[in-house]
$ cat model-v6.cif   # mmCIF, C-alpha atoms and all ligand atoms
data_input
loop_
_atom_site.label_atom_id
_atom_site.label_comp_id
_atom_site.auth_asym_id
_atom_site.auth_seq_id
_atom_site.Cartn_x
_atom_site.Cartn_y
_atom_site.Cartn_z
CA MET A 28 -82.65 -147.34 -102.30
CA CYS A 29 -80.61 -144.63 -100.55
CA LYS A 30 -81.19 -143.43 -97.05
CA VAL A 31 -80.46 -140.32 -95.04
CA GLN A 32 -77.76 -141.33 -92.62
CA ASN A 33 -77.77 -138.26 -90.41
CA GLY A 34 -78.49 -134.56 -90.50
CA LYS A 35 -80.13 -131.70 -88.67
CA VAL A 36 -81.92 -128.65 -90.01
CA LYS A 37 -83.84 -125.71 -88.60
CA VAL A 38 -86.32 -123.68 -90.67
CA LYS A 39 -88.34 -120.60 -89.81
CA VAL A 40 -91.53 -119.87 -91.76
CA PRO A 41 -93.61 -116.67 -91.66
CA ALA A 42 -97.35 -116.38 -91.10
CA SER A 43 -99.51 -114.97 -93.85
CA THR A 44 -102.78 -113.31 -94.63
CA ALA A 45 -104.55 -114.45 -97.77
CA ASN A 46 -106.95 -112.70 -100.15
CA LEU A 47 -106.72 -109.06 -98.94
CA GLY A 48 -110.40 -108.87 -99.91
CA PRO A 49 -111.02 -109.70 -103.58
CA GLY A 50 -107.81 -111.66 -104.28
CA PHE A 51 -109.42 -114.92 -103.17
CA ASP A 52 -106.98 -117.85 -103.53
CA THR A 53 -104.62 -115.45 -105.34
CA ILE A 54 -102.88 -112.91 -103.06
CA GLY A 55 -100.88 -113.55 -99.89
CA MET A 56 -98.81 -111.28 -97.64
CA ALA A 57 -96.22 -112.55 -95.15
CA PHE A 58 -95.81 -111.35 -91.56
CA ARG A 59 -93.12 -111.57 -88.89
CA LEU A 60 -94.81 -114.25 -86.83
CA TYR A 61 -93.11 -117.58 -87.24
CA THR A 62 -93.42 -121.33 -87.07
CA THR A 63 -90.01 -122.84 -86.38
CA LEU A 64 -89.22 -126.48 -87.11
CA THR A 65 -86.13 -128.50 -86.29
CA PHE A 66 -85.66 -131.92 -87.90
CA GLU A 67 -82.97 -134.30 -86.73
CA VAL A 68 -82.41 -137.77 -88.14
CA ALA A 69 -82.76 -140.26 -85.26
CA ASP A 70 -83.36 -143.91 -84.39
CA ALA A 71 -87.02 -143.34 -83.53
CA THR A 72 -89.50 -140.63 -84.44
CA ASP A 73 -90.38 -138.19 -81.68
CA ILE A 74 -92.58 -135.14 -82.41
CA ARG A 75 -92.34 -132.44 -79.74
CA LEU A 76 -94.69 -129.46 -79.82
CA HIS A 77 -93.72 -126.42 -77.77
CA GLY A 78 -95.86 -123.52 -76.57
CA PRO A 79 -99.58 -122.83 -76.31
CA ASN A 80 -100.39 -122.42 -80.03
CA LEU A 81 -100.02 -126.09 -80.90
CA SER A 82 -102.33 -127.80 -78.45
CA GLY A 83 -104.47 -130.53 -79.97
CA ILE A 84 -102.04 -131.28 -82.79
CA PRO A 85 -101.11 -134.96 -83.04
CA THR A 86 -97.62 -136.07 -82.07
CA ASP A 87 -97.65 -139.41 -83.86
CA LYS A 88 -96.92 -140.10 -87.51
CA SER A 89 -100.34 -138.73 -88.51
CA ASN A 90 -98.90 -135.24 -87.79
CA LEU A 91 -99.14 -133.00 -90.87
CA ILE A 92 -95.47 -132.02 -90.69
CA TYR A 93 -94.28 -135.61 -90.46
CA ARG A 94 -96.58 -136.73 -93.29
CA ILE A 95 -95.41 -133.97 -95.64
CA ALA A 96 -91.76 -134.66 -94.79
CA ALA A 97 -92.24 -138.38 -95.43
CA ARG A 98 -93.70 -137.59 -98.84
CA ILE A 99 -90.60 -135.58 -99.81
CA PHE A 100 -88.19 -138.38 -98.87
CA ASP A 101 -90.38 -140.85 -100.70
CA LYS A 102 -90.63 -138.67 -103.81
CA ALA A 103 -86.86 -138.26 -103.77
CA GLY A 104 -86.48 -142.04 -103.79
CA LEU A 105 -85.08 -142.15 -100.25
CA VAL A 106 -86.00 -144.34 -97.30
CA VAL A 107 -88.13 -142.20 -94.97
CA PRO A 108 -85.89 -141.59 -91.93
CA GLU A 109 -87.00 -141.57 -88.32
CA LEU A 110 -86.98 -137.95 -87.16
CA ILE A 111 -86.93 -135.94 -83.98
CA ILE A 112 -89.14 -132.98 -84.84
CA ASP A 113 -89.36 -129.89 -82.62
CA VAL A 114 -92.05 -127.35 -83.46
CA THR A 115 -92.70 -123.93 -81.95
CA SER A 116 -95.14 -121.41 -83.34
CA ASP A 117 -96.13 -117.80 -82.74
CA ILE A 118 -98.98 -118.20 -85.24
CA PRO A 119 -102.42 -118.62 -83.69
CA LEU A 120 -103.89 -121.89 -84.94
CA THR A 121 -106.95 -122.07 -87.21
CA ARG A 122 -107.50 -118.31 -87.10
CA GLY A 123 -106.82 -117.31 -90.72
CA LEU A 124 -103.13 -116.47 -90.40
CA GLY A 125 -101.80 -119.36 -92.43
CA SER A 126 -100.68 -121.78 -89.70
CA SER A 127 -101.28 -124.80 -91.92
CA ALA A 128 -99.39 -123.20 -94.81
CA SER A 129 -96.43 -122.43 -92.53
CA ALA A 130 -96.38 -126.05 -91.32
CA ILE A 131 -96.53 -127.39 -94.88
CA VAL A 132 -93.83 -125.04 -96.19
CA GLY A 133 -91.60 -125.74 -93.19
CA ALA A 134 -91.96 -129.50 -93.56
CA LEU A 135 -91.23 -129.41 -97.28
CA VAL A 136 -88.17 -127.19 -96.95
CA ALA A 137 -86.72 -129.00 -93.92
CA ALA A 138 -87.14 -132.43 -95.51
CA ASN A 139 -85.74 -131.20 -98.81
CA GLU A 140 -82.62 -129.89 -97.02
CA LEU A 141 -82.06 -133.21 -95.25
CA ALA A 142 -82.60 -135.08 -98.50
CA GLY A 143 -79.82 -133.08 -100.18
CA LYS A 144 -82.07 -130.57 -101.99
CA PRO A 145 -83.50 -132.77 -104.75
CA PHE A 146 -86.28 -130.22 -105.42
CA THR A 147 -86.13 -126.53 -106.34
CA MET A 148 -88.07 -123.91 -104.37
CA ASP A 149 -90.52 -123.59 -107.25
CA GLU A 150 -91.13 -127.36 -107.23
CA LEU A 151 -91.66 -127.26 -103.48
CA TYR A 152 -94.07 -124.34 -103.95
CA GLN A 153 -96.04 -126.42 -106.45
CA MET A 154 -96.22 -129.30 -103.95
CA ALA A 155 -97.24 -126.96 -101.13
CA THR A 156 -100.00 -125.50 -103.26
CA GLU A 157 -101.33 -128.96 -104.10
CA GLU A 158 -101.33 -129.84 -100.41
CA GLU A 159 -102.97 -126.60 -99.25
CA GLY A 160 -105.34 -126.42 -102.23
CA HIS A 161 -104.59 -122.76 -103.00
CA PRO A 162 -101.33 -120.85 -103.58
CA ASP A 163 -101.88 -117.63 -101.59
CA ASN A 164 -100.69 -118.48 -98.05
CA VAL A 165 -97.97 -120.88 -99.12
CA GLY A 166 -96.63 -118.35 -101.66
CA ALA A 167 -96.22 -115.69 -98.99
CA SER A 168 -94.69 -118.19 -96.56
CA PHE A 169 -92.16 -119.31 -99.18
CA PHE A 170 -91.15 -116.00 -100.69
CA GLY A 171 -92.16 -113.28 -98.19
CA GLY A 172 -93.62 -109.90 -99.18
CA VAL A 173 -96.77 -109.97 -101.29
CA VAL A 174 -97.20 -112.93 -103.61
CA VAL A 175 -99.79 -112.96 -106.39
CA ALA A 176 -100.22 -116.39 -107.93
CA LEU A 177 -102.28 -118.42 -110.29
CA MET A 178 -102.65 -122.15 -110.05
CA GLU A 179 -102.44 -124.31 -113.12
CA ALA A 180 -102.19 -128.07 -113.45
CA GLU A 181 -98.53 -128.08 -114.44
CA ASP A 182 -97.16 -125.25 -112.28
CA VAL A 183 -97.94 -122.21 -110.11
CA PRO A 184 -96.73 -119.01 -111.80
CA TYR A 185 -96.40 -116.11 -109.37
CA VAL A 186 -95.28 -112.52 -109.02
CA ARG A 187 -93.60 -111.36 -105.82
CA LEU A 188 -93.92 -107.73 -104.80
CA PRO A 189 -92.22 -105.95 -101.92
CA VAL A 190 -94.66 -104.62 -99.34
CA PRO A 191 -95.12 -100.86 -99.81
CA GLU A 192 -93.07 -98.75 -97.43
CA ASN A 193 -94.80 -97.91 -94.14
CA LEU A 194 -97.54 -100.52 -94.66
CA GLU A 195 -98.31 -102.68 -91.62
CA ALA A 196 -101.39 -104.50 -90.40
CA MET A 197 -103.41 -104.64 -87.23
CA ALA A 198 -105.15 -107.96 -86.63
CA VAL A 199 -108.08 -108.62 -84.34
CA ILE A 200 -107.99 -112.32 -83.58
CA PRO A 201 -111.20 -113.79 -82.15
CA LYS A 202 -110.84 -116.32 -79.36
CA PHE A 203 -112.67 -118.99 -81.39
CA MET A 204 -111.22 -121.17 -84.14
CA LEU A 205 -112.71 -121.40 -87.62
CA SER A 206 -111.38 -124.08 -89.92
CA THR A 207 -110.61 -123.09 -93.48
CA GLU A 208 -112.55 -126.14 -94.63
CA LYS A 209 -115.71 -124.92 -92.88
CA ALA A 210 -115.30 -121.35 -94.17
CA ARG A 211 -114.84 -122.61 -97.74
CA GLY A 212 -117.92 -124.77 -97.37
CA VAL A 213 -120.24 -121.74 -97.16
CA LEU A 214 -119.16 -120.29 -100.53
CA PRO A 215 -121.32 -120.61 -103.63
CA SER A 216 -120.07 -122.62 -106.60
CA MET A 217 -121.43 -120.18 -109.21
CA TYR A 218 -121.22 -116.38 -109.51
CA SER A 219 -122.90 -113.84 -111.77
CA ARG A 220 -120.95 -112.08 -114.51
CA GLN A 221 -121.36 -108.86 -112.50
CA ASP A 222 -119.59 -110.42 -109.51
CA VAL A 223 -116.84 -111.86 -111.69
CA VAL A 224 -116.16 -108.48 -113.30
CA TYR A 225 -116.29 -106.75 -109.90
CA THR A 226 -113.70 -109.23 -108.59
CA ALA A 227 -111.40 -108.98 -111.62
CA SER A 228 -111.41 -105.17 -111.55
CA HIS A 229 -110.91 -104.88 -107.80
CA THR A 230 -108.13 -107.48 -107.73
CA GLY A 231 -106.40 -105.79 -110.64
CA VAL A 232 -106.51 -102.37 -109.03
CA LEU A 233 -105.46 -103.84 -105.66
CA VAL A 234 -102.35 -105.46 -107.15
CA GLY A 235 -101.59 -102.24 -109.05
CA ALA A 236 -101.99 -100.17 -105.89
CA LEU A 237 -99.64 -102.49 -103.96
CA ALA A 238 -97.11 -102.50 -106.79
CA THR A 239 -97.04 -98.72 -107.10
CA GLY A 240 -97.48 -97.87 -103.42
CA ASN A 241 -100.75 -96.05 -104.12
CA LEU A 242 -102.14 -96.73 -100.65
CA THR A 243 -105.08 -94.33 -100.95
CA LEU A 244 -106.73 -96.76 -103.39
CA LEU A 245 -106.60 -99.71 -101.01
CA HIS A 246 -109.91 -99.25 -99.20
CA ARG A 247 -111.83 -99.24 -102.47
CA ALA A 248 -109.76 -101.91 -104.18
CA MET A 249 -110.12 -104.28 -101.19
CA LYS A 250 -113.90 -104.50 -101.54
CA ASP A 251 -115.00 -108.01 -102.27
CA VAL A 252 -118.16 -109.87 -103.31
CA LEU A 253 -116.64 -113.33 -103.78
CA HIS A 254 -116.18 -114.68 -100.26
CA GLN A 255 -116.47 -112.15 -97.42
CA PRO A 256 -120.25 -111.54 -97.65
CA TYR A 257 -120.85 -115.31 -97.35
CA ARG A 258 -118.53 -115.59 -94.36
CA VAL A 259 -120.18 -112.80 -92.33
CA PRO A 260 -122.48 -115.27 -90.49
CA LEU A 261 -119.34 -117.11 -89.33
CA VAL A 262 -117.71 -113.89 -88.06
CA PRO A 263 -120.48 -111.57 -86.79
CA GLY A 264 -119.41 -107.92 -86.94
CA LEU A 265 -117.20 -108.50 -90.00
CA ASP A 266 -119.58 -106.57 -92.27
CA LYS A 267 -119.54 -103.49 -90.03
CA ILE A 268 -115.76 -103.56 -89.69
CA LEU A 269 -115.28 -103.87 -93.45
CA ALA A 270 -117.72 -101.03 -94.11
CA GLU A 271 -116.41 -98.60 -91.49
CA ALA A 272 -112.73 -99.36 -90.79
CA HIS A 273 -111.59 -96.73 -93.29
CA GLU A 274 -113.48 -93.99 -91.39
CA HIS A 275 -111.50 -95.02 -88.29
CA GLY A 276 -108.12 -94.76 -90.01
CA ALA A 277 -107.58 -98.07 -91.85
CA LEU A 278 -106.09 -97.98 -95.33
CA GLY A 279 -108.23 -101.03 -96.02
CA ALA A 280 -109.68 -103.99 -94.16
CA ALA A 281 -110.33 -107.64 -94.91
CA LEU A 282 -111.11 -111.00 -93.43
CA SER A 283 -107.69 -112.62 -93.03
CA GLY A 284 -107.77 -115.76 -95.15
CA ALA A 285 -110.82 -117.76 -94.22
CA GLY A 286 -111.08 -115.97 -90.86
CA PRO A 287 -112.02 -115.46 -88.13
CA THR A 288 -109.14 -112.93 -87.85
CA ILE A 289 -109.85 -109.55 -89.41
CA ILE A 290 -106.95 -107.37 -90.53
CA ALA A 291 -106.75 -103.67 -91.14
CA LEU A 292 -103.90 -102.38 -93.27
CA VAL A 293 -102.43 -99.26 -91.69
CA ASP A 294 -99.79 -96.64 -92.28
CA LYS A 295 -97.26 -97.27 -89.51
CA ARG A 296 -96.71 -93.52 -89.06
CA GLU A 297 -100.37 -92.91 -88.19
CA PRO A 298 -102.03 -93.47 -84.79
CA THR A 299 -104.27 -96.55 -84.67
CA ASP A 300 -105.86 -96.36 -81.20
CA ALA A 301 -109.28 -95.31 -82.55
CA LEU A 302 -109.23 -98.05 -85.18
CA GLN A 303 -108.28 -100.68 -82.62
CA ALA A 304 -111.02 -99.55 -80.24
CA PHE A 305 -113.58 -99.62 -83.06
CA MET A 306 -112.66 -103.14 -84.20
CA VAL A 307 -112.49 -104.61 -80.69
CA GLN A 308 -115.76 -102.89 -79.69
CA THR A 309 -117.56 -104.10 -82.82
CA LEU A 310 -116.64 -107.71 -82.13
CA ALA A 311 -117.53 -107.27 -78.44
CA GLU A 312 -121.02 -106.09 -79.46
CA HIS A 313 -121.43 -109.57 -80.95
CA GLY A 314 -120.08 -111.26 -77.83
CA ILE A 315 -116.70 -112.00 -79.43
CA ASP A 316 -113.53 -111.62 -77.34
CA CYS A 317 -110.38 -111.03 -79.32
CA THR A 318 -106.71 -110.32 -79.00
CA VAL A 319 -105.03 -107.59 -81.02
CA MET A 320 -101.71 -108.01 -82.80
CA ARG A 321 -99.64 -105.58 -84.76
CA LEU A 322 -98.29 -107.43 -87.78
CA ILE A 323 -95.09 -106.29 -89.49
CA PRO A 324 -94.50 -107.58 -93.02
CA ASP A 325 -91.85 -110.25 -93.57
CA GLU A 326 -89.85 -109.72 -96.75
CA THR A 327 -87.70 -112.84 -96.48
CA GLY A 328 -89.98 -115.86 -96.58
CA VAL A 329 -88.85 -119.25 -95.37
CA GLN A 330 -85.35 -119.31 -93.88
CA VAL A 331 -83.02 -122.24 -93.36
CA GLU A 332 -81.21 -121.30 -90.19
CA HIS A 333 -78.71 -124.09 -89.98
CA CYS A 334 -78.23 -127.42 -91.59
CA PHE A 335 -75.73 -130.20 -91.61
CA SER A 336 -76.92 -132.08 -94.52
CA GLY A 337 -78.21 -135.61 -94.57
CA VAL A 338 -75.46 -137.88 -95.79
CA THR A 339 -77.00 -140.45 -98.09
CA GLU A 340 -75.56 -143.89 -98.52
CA GLN A 341 -76.43 -146.97 -100.49
CA ARG A 342 -78.41 -149.57 -98.54
CA SER A 343 -77.42 -153.14 -99.31
N1 LIG B 401 -97.47 -126.60 -86.66
C1 LIG B 401 -98.40 -127.45 -87.08
N2 LIG B 401 -98.19 -128.78 -87.02
C2 LIG B 401 -99.10 -129.65 -87.49
N3 LIG B 401 -100.29 -129.30 -88.00
C3 LIG B 401 -100.56 -127.99 -88.07
C4 LIG B 401 -99.64 -127.00 -87.63
N4 LIG B 401 -100.18 -125.80 -87.83
C5 LIG B 401 -101.39 -126.02 -88.39
N5 LIG B 401 -101.64 -127.33 -88.52
C6 LIG B 401 -102.85 -127.96 -89.06
O1 LIG B 401 -103.58 -126.99 -89.79
C7 LIG B 401 -104.89 -126.81 -89.21
C8 LIG B 401 -105.30 -125.37 -89.32
O2 LIG B 401 -105.42 -125.07 -90.68
P1 LIG B 401 -106.51 -124.06 -91.21
O3 LIG B 401 -107.89 -124.51 -90.82
O4 LIG B 401 -106.26 -123.91 -92.68
O5 LIG B 401 -106.22 -122.72 -90.43
P2 LIG B 401 -105.07 -121.63 -90.59
O6 LIG B 401 -105.78 -120.41 -91.03
O7 LIG B 401 -104.46 -121.47 -89.23
O8 LIG B 401 -104.11 -122.15 -91.62
C9 LIG B 401 -104.74 -127.28 -87.77
O9 LIG B 401 -105.96 -127.72 -87.24
C10 LIG B 401 -103.75 -128.42 -87.92
O10 LIG B 401 -104.41 -129.58 -88.38
N1 LIG B 402 -107.93 -118.30 -99.94
C1 LIG B 402 -108.18 -119.13 -98.78
C2 LIG B 402 -107.22 -118.72 -97.69
C3 LIG B 402 -107.35 -119.53 -96.42
O1 LIG B 402 -106.41 -119.00 -95.48
P1 LIG B 402 -106.31 -119.55 -93.98
O2 LIG B 402 -105.18 -118.81 -93.36
O3 LIG B 402 -107.63 -119.26 -93.34
O4 LIG B 402 -106.05 -121.03 -94.09
C4 LIG B 402 -109.63 -118.93 -98.34
O5 LIG B 402 -110.03 -117.78 -98.21
O6 LIG B 402 -110.33 -119.93 -98.13
#
$ encode --input "model-v6.cif" --output "structure tokens"
Amino acid sequence: MCKVQNGKVKVKVPASTANLGPGFDTIGMAFRLYTTLTFEVADATDIRLHGPNLSGIPTDKSNLIYRIAARIFDKAGLVVPELIIDVTSDIPLTRGLGSSASAIVGALVAANELAGKPFTMDELYQMATEEEGHPDNVGASFFGGVVVALMEAEDVPYVRLPVPENLEAMAVIPKFMLSTEKARGVLPSMYSRQDVVYTASHTGVLVGALATGNLTLLHRAMKDVLHQPYRVPLVPGLDKILAEAHEHGALGAALSGAGPTIIALVDKREPTDALQAFMVQTLAEHGIDCTVMRLIPDETGVQVEHCFSGVTEQRS
């Protein structure tokens, strides 16, 4: 077996919003909020988490990032090296902005670099999708922009679109966490034909509107019957925000991923004070404190900032 003798790599992975309403498990959009990972081959593993967004995350070898990295080395037929891992993140944890996807993508890409790039980006994307269970967040984190994907057993075909000019998002981020697992648990396993047709037509028009820059269609195309109505009890006030955000200036609004964050898509040239006040006030009426973030699309996806590659040598 070969082993990674030495090496250091830094990767930067964007946050993402998934679904944009009806595109459940299908559409993701990347934003300029980042998780940054540095891996360095060492004599003993040491996982260091920096900043307030990572509290509660394990620092032993049960850490998601370490586990994913170990799987890559193993799959590449290499001895799993001991690693010093430094992690910083601007992405609020467990809020529906793709923190887990950014960690998975970062771990896969960083380990792949150290291992001498045995896997292509598309192969890593397939692995990330298997790990996350859906391709939307990981697609956006890998490739930036808007990614529309379908998941099949053998691969994950996708289309990447640039974000329409002047499109940005405003996010209201509740103070409480909501795990994706919990928010998936409230969804039904069967839908009526009417709901399936509604979803197919809205998703189709949404992707068309994003591809052509027809932003006036967004608020109608982003209507959804597949997941948001079932998640309203987990995010009180969501139904009112979805119904009325357009009247307050949003191009469209959606639960971000599995929530609890709610995003409004906006035209960056237009004022958004009234929209912000409406969204914050609506959550406050339900006793929910939130922070507000302006989210600018990321068109780049995961970036390898520097790397001196892992030298591999034969172990006797
Ligand atoms: N940087 C990180 N390092 C290790 N684990 C992480 C990191 N970021 C997220 N996670 C894991 O992902 C979980 C959050 O995932 P999830 O519930 O899907 O929410 P999100 O919408 O933020 O992706 C965290 O509780 C943690 O277990
Ligand atoms: N399509 C998924 C997206 C989950 O995104 P996250 O950022 O909340 O992990 C879903 O809606 O369950």
$ atom_distance --input "model-v6.cif" --atom1 "atom O2 of ligand LIG 402 (chain B)" --atom2 "atom CA of Thr243 of chain A"
25.6 Å
$ closest_residue --input "model-v6.cif" --among "A:Ile74, A:Ile95, A:Leu47, A:Leu135" --to "Val331 of chain A" --atoms "all atoms listed in the file"
A:Leu135
$ closest_atom_pairs --input "model-v6.cif" --of "chain A" --to "ligand LIG 401 (chain B)" --cutoff "9 Å" --atoms "all atoms listed in the file" --output "Markdown table"
| residue | atom | partner | partner_atom | distance |
| --- | --- | --- | --- | --- |
| A:Ala42 | CA | B:LIG401 | O8 | 8.9 |
| A:Ser43 | CA | B:LIG401 | O6 | 8.8 |
| A:Thr44 | CA | B:LIG401 | O6 | 8.5 |
| A:Thr62 | CA | B:LIG401 | N1 | 6.7 |
| A:Thr63 | CA | B:LIG401 | N1 | 8.4 |
| A:Leu64 | CA | B:LIG401 | N1 | 8.3 |
| A:Leu76 | CA | B:LIG401 | N1 | 7.9 |
| A:Asn80 | CA | B:LIG401 | N1 | 8.4 |
| A:Leu81 | CA | B:LIG401 | N1 | 6.3 |
| A:Gly83 | CA | B:LIG401 | O9 | 7.9 |
| A:Ile84 | CA | B:LIG401 | C2 | 5.8 |
| A:Pro85 | CA | B:LIG401 | C2 | 7.2 |
| A:Thr86 | CA | B:LIG401 | C2 | 8.5 |
| A:Asn90 | CA | B:LIG401 | C2 | 5.6 |
| A:Leu91 | CA | B:LIG401 | C2 | 4.8 |
| A:Ile92 | CA | B:LIG401 | C2 | 5.4 |
| A:Tyr93 | CA | B:LIG401 | C2 | 8.2 |
| A:Val114 | CA | B:LIG401 | N1 | 6.3 |
| A:Thr115 | CA | B:LIG401 | N1 | 7.2 |
| A:Ser116 | CA | B:LIG401 | N1 | 6.6 |
| A:Ile118 | CA | B:LIG401 | O7 | 7.5 |
| A:Pro119 | CA | B:LIG401 | O7 | 6.6 |
| A:Leu120 | CA | B:LIG401 | O7 | 4.3 |
| A:Thr121 | CA | B:LIG401 | O7 | 3.3 |
| A:Arg122 | CA | B:LIG401 | O6 | 4.8 |
| A:Gly123 | CA | B:LIG401 | O6 | 3.3 |
| A:Leu124 | CA | B:LIG401 | O6 | 4.8 |
| A:Gly125 | CA | B:LIG401 | O8 | 3.7 |
| A:Ser126 | CA | B:LIG401 | O7 | 3.8 |
| A:Ser127 | CA | B:LIG401 | C5 | 3.7 |
| A:Ala128 | CA | B:LIG401 | O8 | 5.8 |
| A:Ser129 | CA | B:LIG401 | N4 | 6.9 |
| A:Ala130 | CA | B:LIG401 | N1 | 4.8 |
| A:Ile131 | CA | B:LIG401 | C4 | 7.9 |
| A:Gly133 | CA | B:LIG401 | N1 | 8.8 |
| A:Glu159 | CA | B:LIG401 | O4 | 7.8 |
| A:Asn164 | CA | B:LIG401 | O8 | 8.2 |
| A:Met204 | CA | B:LIG401 | O3 | 8.2 |
| A:Leu205 | CA | B:LIG401 | O3 | 6.6 |
| A:Ser206 | CA | B:LIG401 | O3 | 3.6 |
| A:Thr207 | CA | B:LIG401 | O3 | 4.1 |
| A:Glu208 | CA | B:LIG401 | O3 | 6.2 |
| A:Lys209 | CA | B:LIG401 | O3 | 8.1 |
| A:Ala210 | CA | B:LIG401 | O3 | 8.7 |
| A:Ser283 | CA | B:LIG401 | O6 | 8.3 |
| A:Gly284 | CA | B:LIG401 | O6 | 6.5 |
| A:Ala285 | CA | B:LIG401 | O6 | 6.5 |
| A:Gly286 | CA | B:LIG401 | O6 | 6.9 |
| A:Pro287 | CA | B:LIG401 | O6 | 8.5 |
| A:Thr288 | CA | B:LIG401 | O6 | 8.8 |
$ atom_distance --input "model-v6.cif" --atom1 "atom CA of Leu188 of chain A" --atom2 "atom CA of Val173 of chain A"
5.0 Å
$ residues_around --input "model-v6.cif" --residues "Pro49 of chain A" --least-positions-apart "4" --cutoff "7 Å" --atoms "all atoms listed in the file" --output "PyMOL selection string"
chain A and resi 226+229-230+249-251+253
$ closest_residue --input "model-v6.cif" --among "A:Gln303, A:Asn46, A:Asn139, A:Ser89" --to "ligand LIG 402 (chain B)" --atoms "all atoms listed in the file"
A:Asn46
$ closest_residue --input "model-v6.cif" --among "A:Arg258, A:Arg321, A:Lys295, A:Lys144" --to "Met197 of chain A" --atoms "all atoms listed in the file"
A:Arg321
$ closest_residue --input "model-v6.cif" --among "A:Met56, A:Val329, A:Ala301, A:Ile323" --to "ligand LIG 402 (chain B)" --atoms "all atoms listed in the file"
A:Met56
$ residues_around --input "model-v6.cif" --residues "Asp149 of chain A" --least-positions-apart "2" --cutoff "12 Å" --atoms "only C-alpha atoms" --output "tab-separated table (two decimals) with C-alpha atoms, in the frame of the given file"
chain	number	residue	atom	x	y	z
A	132	VAL	CA	-93.83	-125.04	-96.19
A	135	LEU	CA	-91.23	-129.41	-97.28
A	136	VAL	CA	-88.17	-127.19	-96.95
A	145	PRO	CA	-83.50	-132.77	-104.75
A	146	PHE	CA	-86.28	-130.22	-105.42
A	147	THR	CA	-86.13	-126.53	-106.34
A	151	LEU	CA	-91.66	-127.26	-103.48
A	152	TYR	CA	-94.07	-124.34	-103.95
A	153	GLN	CA	-96.04	-126.42	-106.45
A	154	MET	CA	-96.22	-129.30	-103.95
A	155	ALA	CA	-97.24	-126.96	-101.13
A	156	THR	CA	-100.00	-125.50	-103.26
A	162	PRO	CA	-101.33	-120.85	-103.58
A	165	VAL	CA	-97.97	-120.88	-99.12
A	166	GLY	CA	-96.63	-118.35	-101.66
A	169	PHE	CA	-92.16	-119.31	-99.18
A	170	PHE	CA	-91.15	-116.00	-100.69
A	181	GLU	CA	-98.53	-128.08	-114.44
A	182	ASP	CA	-97.16	-125.25	-112.28
A	183	VAL	CA	-97.94	-122.21	-110.11
A	184	PRO	CA	-96.73	-119.01	-111.80
A	185	TYR	CA	-96.40	-116.11	-109.37
$ closest_residue --input "model-v6.cif" --among "A:Glu150, A:Asp73, A:Asp163, A:Glu332" --to "ligand LIG 402 (chain B)" --atoms "only C-alpha atoms and all ligand atoms"
A:Asp163
$ atom_distance --input "model-v6.cif" --atom1 "atom CA of Leu269 of chain A" --atom2 "atom CA of Lys202 of chain A"
19.3 Å
$ closest_residue --input "model-v6.cif" --among "A:Ala304, A:Val293, A:Ala142, A:Val38" --to "Glu192 of chain A" --atoms "all atoms listed in the file"
A:Val293
$ residues_around --input "model-v6.cif" --residues "Glu140 of chain A" --least-positions-apart "2" --cutoff "8 Å" --atoms "all atoms listed in the file" --output "ChimeraX atom specification"
/A:36,136-138,142-144,334,336-337
$ residues_around --input "model-v6.cif" --residues "Arg187 of chain A" --least-positions-apart "4" --cutoff "7 Å" --atoms "all atoms listed in the file" --output "list of chain:residue names"
A:Gly172, A:Val173, A:Val174, A:Val175
$ residues_around --input "model-v6.cif" --residues "Val252 of chain A" --least-positions-apart "5" --cutoff "10 Å" --atoms "only C-alpha atoms" --output "list in words"
Gly48, Pro49, Tyr218, Gln221, Asp222, Val223, Tyr225, Thr226, His229 and Tyr257 of chain A
$ write_last_selection --input "model-v6.cif" --atoms "C-alpha atoms" --output "PDB file, keeping the file's coordinate frame"
ATOM      1  CA  GLY A  48    -110.400-108.870 -99.910  1.00  0.00           C
ATOM      2  CA  PRO A  49    -111.020-109.700-103.580  1.00  0.00           C
ATOM      3  CA  TYR A 218    -121.220-116.380-109.510  1.00  0.00           C
ATOM      4  CA  GLN A 221    -121.360-108.860-112.500  1.00  0.00           C
ATOM      5  CA  ASP A 222    -119.590-110.420-109.510  1.00  0.00           C
ATOM      6  CA  VAL A 223    -116.840-111.860-111.690  1.00  0.00           C
ATOM      7  CA  TYR A 225    -116.290-106.750-109.900  1.00  0.00           C
ATOM      8  CA  THR A 226    -113.700-109.230-108.590  1.00  0.00           C
ATOM      9  CA  HIS A 229    -110.910-104.880-107.800  1.00  0.00           C
ATOM     10  CA  TYR A 257    -120.850-115.310 -97.350  1.00  0.00           C
TER      11      TYR A 257
END
$ build_atoms --input "model-v6.cif" --residues "segment 286-290 of chain A" --atoms "N, CA and C atoms" --output "mmCIF file, in the coordinates of the input"
data_model
loop_
_atom_site.group_PDB
_atom_site.id
_atom_site.type_symbol
_atom_site.label_atom_id
_atom_site.label_comp_id
_atom_site.auth_asym_id
_atom_site.auth_seq_id
_atom_site.Cartn_x
_atom_site.Cartn_y
_atom_site.Cartn_z
ATOM 1 N N GLY A 286 -110.631 -116.462 -92.138
ATOM 2 C CA GLY A 286 -111.080 -115.970 -90.860
ATOM 3 C C GLY A 286 -110.793 -116.948 -89.735
ATOM 4 N N PRO A 287 -111.206 -116.605 -88.519
ATOM 5 C CA PRO A 287 -112.020 -115.460 -88.130
ATOM 6 C C PRO A 287 -111.249 -114.153 -87.918
ATOM 7 N N THR A 288 -109.904 -114.182 -88.037
ATOM 8 C CA THR A 288 -109.140 -112.930 -87.850
ATOM 9 C C THR A 288 -109.538 -111.905 -88.908
ATOM 10 N N ILE A 289 -109.601 -110.655 -88.479
ATOM 11 C CA ILE A 289 -109.850 -109.550 -89.410
ATOM 12 C C ILE A 289 -108.610 -108.655 -89.361
ATOM 13 N N ILE A 290 -108.112 -108.266 -90.540
ATOM 14 C CA ILE A 290 -106.950 -107.370 -90.530
ATOM 15 C C ILE A 290 -107.312 -106.015 -91.131
#
